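Asker: Starting off with a structure, shown below.
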Amino acid sequence: MEKANVIALLEKYWRTETSVEEEKALADWFNAQDPDTLDPDLQAYGPLFAYFGEEARVSPGPGFEARILQAITAADAETSAAAMSPAAMSPAAMSAAASPVPPRSPVFHFQWGLVSAAAAVLFLVASLFLLQPNQKHPVETPVTADTRAVAGTPVLARVTDTYDDPEQALAAVRHALLIASAHLNEGRKQITNK
Amino acid sequence: MKRLLLIPLIAALTMTARAQDDAIGKFFGKYLDDSRFTVVSVSPRMFRLMSKVNWDTIPSDLKQTVSRLQSFRILSTETTPSVFYKEALAQIDRKEYEDLITVRDNKDNFRFMIRATGNTIHELLMIAADKDGFTLMSFVGDIDLDKISRLGADLDIKGMENLKNAKRK
């Protein structure tokens, strides 16, 4: 084969348009060349086809099938045992099960770990932003009595109690409400008088 | 999976709640430890404890009003009332607080402001100054102005003066 011919075939090969015969011809041609005297333009592809040839000749070693079957049987026994008594699945048994063919569950657990780790990181970053004292633009969220009670207020301005006795506190609030009420009414009266 | 997403969400909401504060905390926090000022405050915890008080003698309007409050605070001083009154009006963020009622005559100066979203009033703030002193009063919670107004409907101005005197004792 001439160089131009080989290059044309190679182009076709990269476009995956070659037939099986053409591919074989290409491989045979490359394998027949001496790597040292190969045209510099084509030198890069020599080892590639040599590699394909070598790999195609690889065959399973003795007893391969028997070993695979044994591993599958062992894995089956482990998973059915785990399904029947999940509580009895000790960490040791888990690692034993993971030896030939890892069962699905450890992989699954690992992914959950990733998800919760991501959630934790997200939560930490978010809390950094939310904990910034935002005095100019406080978040306008309606607060229920419960969330307010849990959260309290920023340290500097925390509402501390003047009274220890709820009854006294109630009396103070009642008093203040009456003052506010009276002022409100006075204000309204003045508006209607005007 | 959904539950995992909910946890940070709830945490975030709780923390926005943490950012809530009354006008006194927001604009006058620096005076809370000032010896010229008197502070009276009732925390959300105390409001919850009030449920254990005997409510039999308490009028229903008052009961309903108090049960919807979350915190209450008064900051008052007898030092230079008019100065602090002006400072209060200057300090308070008008984007958040809107004027409700303003009264200004020869003896009294007071102003009511509210912080609201939609029709819900979250905070009622009273700023008052007369020759005797300056008072900032803040009620945080779910505020019903009509109910509050009704509480003192039977009190005339004279009764109110008595209340004032009692307070300054």
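Labeling convention for the structure tokens: chains A, B, ... as they appear, residues from 1 per chain, ligands from 1 in order of appearance.
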What's the 7 Å shell around range 112-126 of chain B, counting only C-alpha atoms, without same-chain residues fewer than 4 positions away, as an NGL selection string?
Answerer: :B and (96-102 or 136-143)
Asker: Would you mind exporting the chosen residues as a PDB file, in the first residue's frame, restricted to C-alpha atoms?
Answerer:
```
ATOM      1  CA  GLU B  96     -39.547  50.399  57.518  1.00  0.00           C
ATOM      2  CA  TYR B  97     -41.601  52.507  59.850  1.00  0.00           C
ATOM      3  CA  GLU B  98     -44.491  54.612  58.716  1.00  0.00           C
ATOM      4  CA  ASP B  99     -46.117  57.416  60.618  1.00  0.00           C
ATOM      5  CA  LEU B 100     -49.476  56.639  62.089  1.00  0.00           C
ATOM      6  CA  ILE B 101     -50.350  59.572  64.296  1.00  0.00           C
ATOM      7  CA  THR B 102     -48.420  62.697  65.160  1.00  0.00           C
ATOM      8  CA  LEU B 136     -39.756  55.240  73.435  1.00  0.00           C
ATOM      9  CA  MET B 137     -42.234  52.423  73.702  1.00  0.00           C
ATOM     10  CA  SER B 138     -42.264  49.425  71.429  1.00  0.00           C
ATOM     11  CA  PHE B 139     -44.762  46.577  71.157  1.00  0.00           C
ATOM     12  CA  VAL B 140     -43.746  43.709  68.893  1.00  0.00           C
ATOM     13  CA  GLY B 141     -46.154  41.005  67.830  1.00  0.00           C
ATOM     14  CA  ASP B 142     -49.381  40.849  65.912  1.00  0.00           C
ATOM     15  CA  ILE B 143     -50.836  44.268  66.665  1.00  0.00           C
TER      16      ILE B 143
END
```
Asker: Which of these residues is nearest to Ala128 in chain B, using only C-alpha atoms: A:Thr79, A:Asp34, A:Ala44, A:His183?
Answerer: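 Of A:Thr79, A:Asp34, A:Ala44, A:His183, the one nearest Ala128 in chain B is A:His183, counting only C-alpha atoms.
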Asker: Residues within 9 Å of range 38-43 of chain A, please, as a tab-separated table (two decimals) with N, CA and C atoms, in the first residue's frame. Count only C-alpha atoms; anything in the same chain fewer than 3 positions from it doesn't count.
Answerer:
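Output (part18.tsv):
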```tsv
chain	number	residue	atom	x	y	z
A	3	LYS	N	1.66	5.31	0.63
A	3	LYS	CA	1.42	6.22	1.77
A	3	LYS	C	0.09	6.95	1.61
A	6	VAL	N	-2.72	4.73	2.43
A	6	VAL	CA	-2.82	4.48	3.88
A	6	VAL	C	-3.47	5.67	4.58
A	7	ILE	N	-3.03	6.86	4.17
A	7	ILE	CA	-3.58	8.07	4.82
A	7	ILE	C	-5.07	8.18	4.54
A	30	PHE	N	0.28	-1.86	9.01
A	30	PHE	CA	1.08	-1.23	10.07
A	30	PHE	C	1.94	-2.26	10.79
A	33	GLN	N	5.13	-3.17	8.97
A	33	GLN	CA	6.18	-2.16	8.83
A	33	GLN	C	7.21	-2.29	9.95
A	34	ASP	N	8.43	-1.90	9.62
A	34	ASP	CA	9.46	-1.78	10.65
A	34	ASP	C	9.29	-0.40	11.30
A	35	PRO	N	9.05	-0.34	12.60
A	35	PRO	CA	8.78	0.95	13.26
A	35	PRO	C	9.86	1.99	12.98
A	46	GLY	N	1.73	3.52	14.32
A	46	GLY	CA	2.27	2.18	14.39
A	46	GLY	C	1.98	1.49	15.72
A	47	PRO	N	2.40	2.11	16.86
A	47	PRO	CA	2.18	1.47	18.17
A	47	PRO	C	0.71	1.23	18.45
```
Asker: If you run DSSP on the backbone here, which positions in range 87-116 of chain B get strand (DSSP E or B)? Please write them as number ranges by chain.
Answerer: B: 97-104, 109-116
Asker: Which of these residues is nearest to Ile74 in chain B, using only C-alpha atoms: B:Ala23, B:Gly152, B:Val40, B:Tyr31?
Answerer: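 Of B:Ala23, B:Gly152, B:Val40, B:Tyr31, the one nearest Ile74 in chain B is B:Val40, counting only C-alpha atoms.
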Asker: Tell me, in Å to one decimal, how far CA of Val42 in chain B is from CA of Leu62 in chain B.
Answerer: 16.2 Å
Asker: Counting only C-alpha atoms, figure out which residue out of B:Ala88, B:Leu151, B:Ile127, B:Leu75 gets nearest to Leu32 in chain B.
Answerer: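 Checking each candidate against Leu32 in chain B, we get B:Leu75 as the closest.
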Asker: Distance CA of Tyr51 in chain A-CA of Leu10 in chain A, one decimal place?
Answerer: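 About the pair CA of Tyr51 in chain A and CA of Leu10 in chain A: they are 16.2 Å apart.
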Asker: What is the CA of Leu170 in chain A to CA of Met50 in chain B distance in Å?
Answerer: 6.8 Å
Asker: Excluding Gln168 in chain A and its own-chain neighbours fewer than 6 positions away, which residues fall within 10 Å of it when counting only C-alpha atoms? Please give them as number ranges by chain.
Answerer: A: 162, 174; B: 50, 53
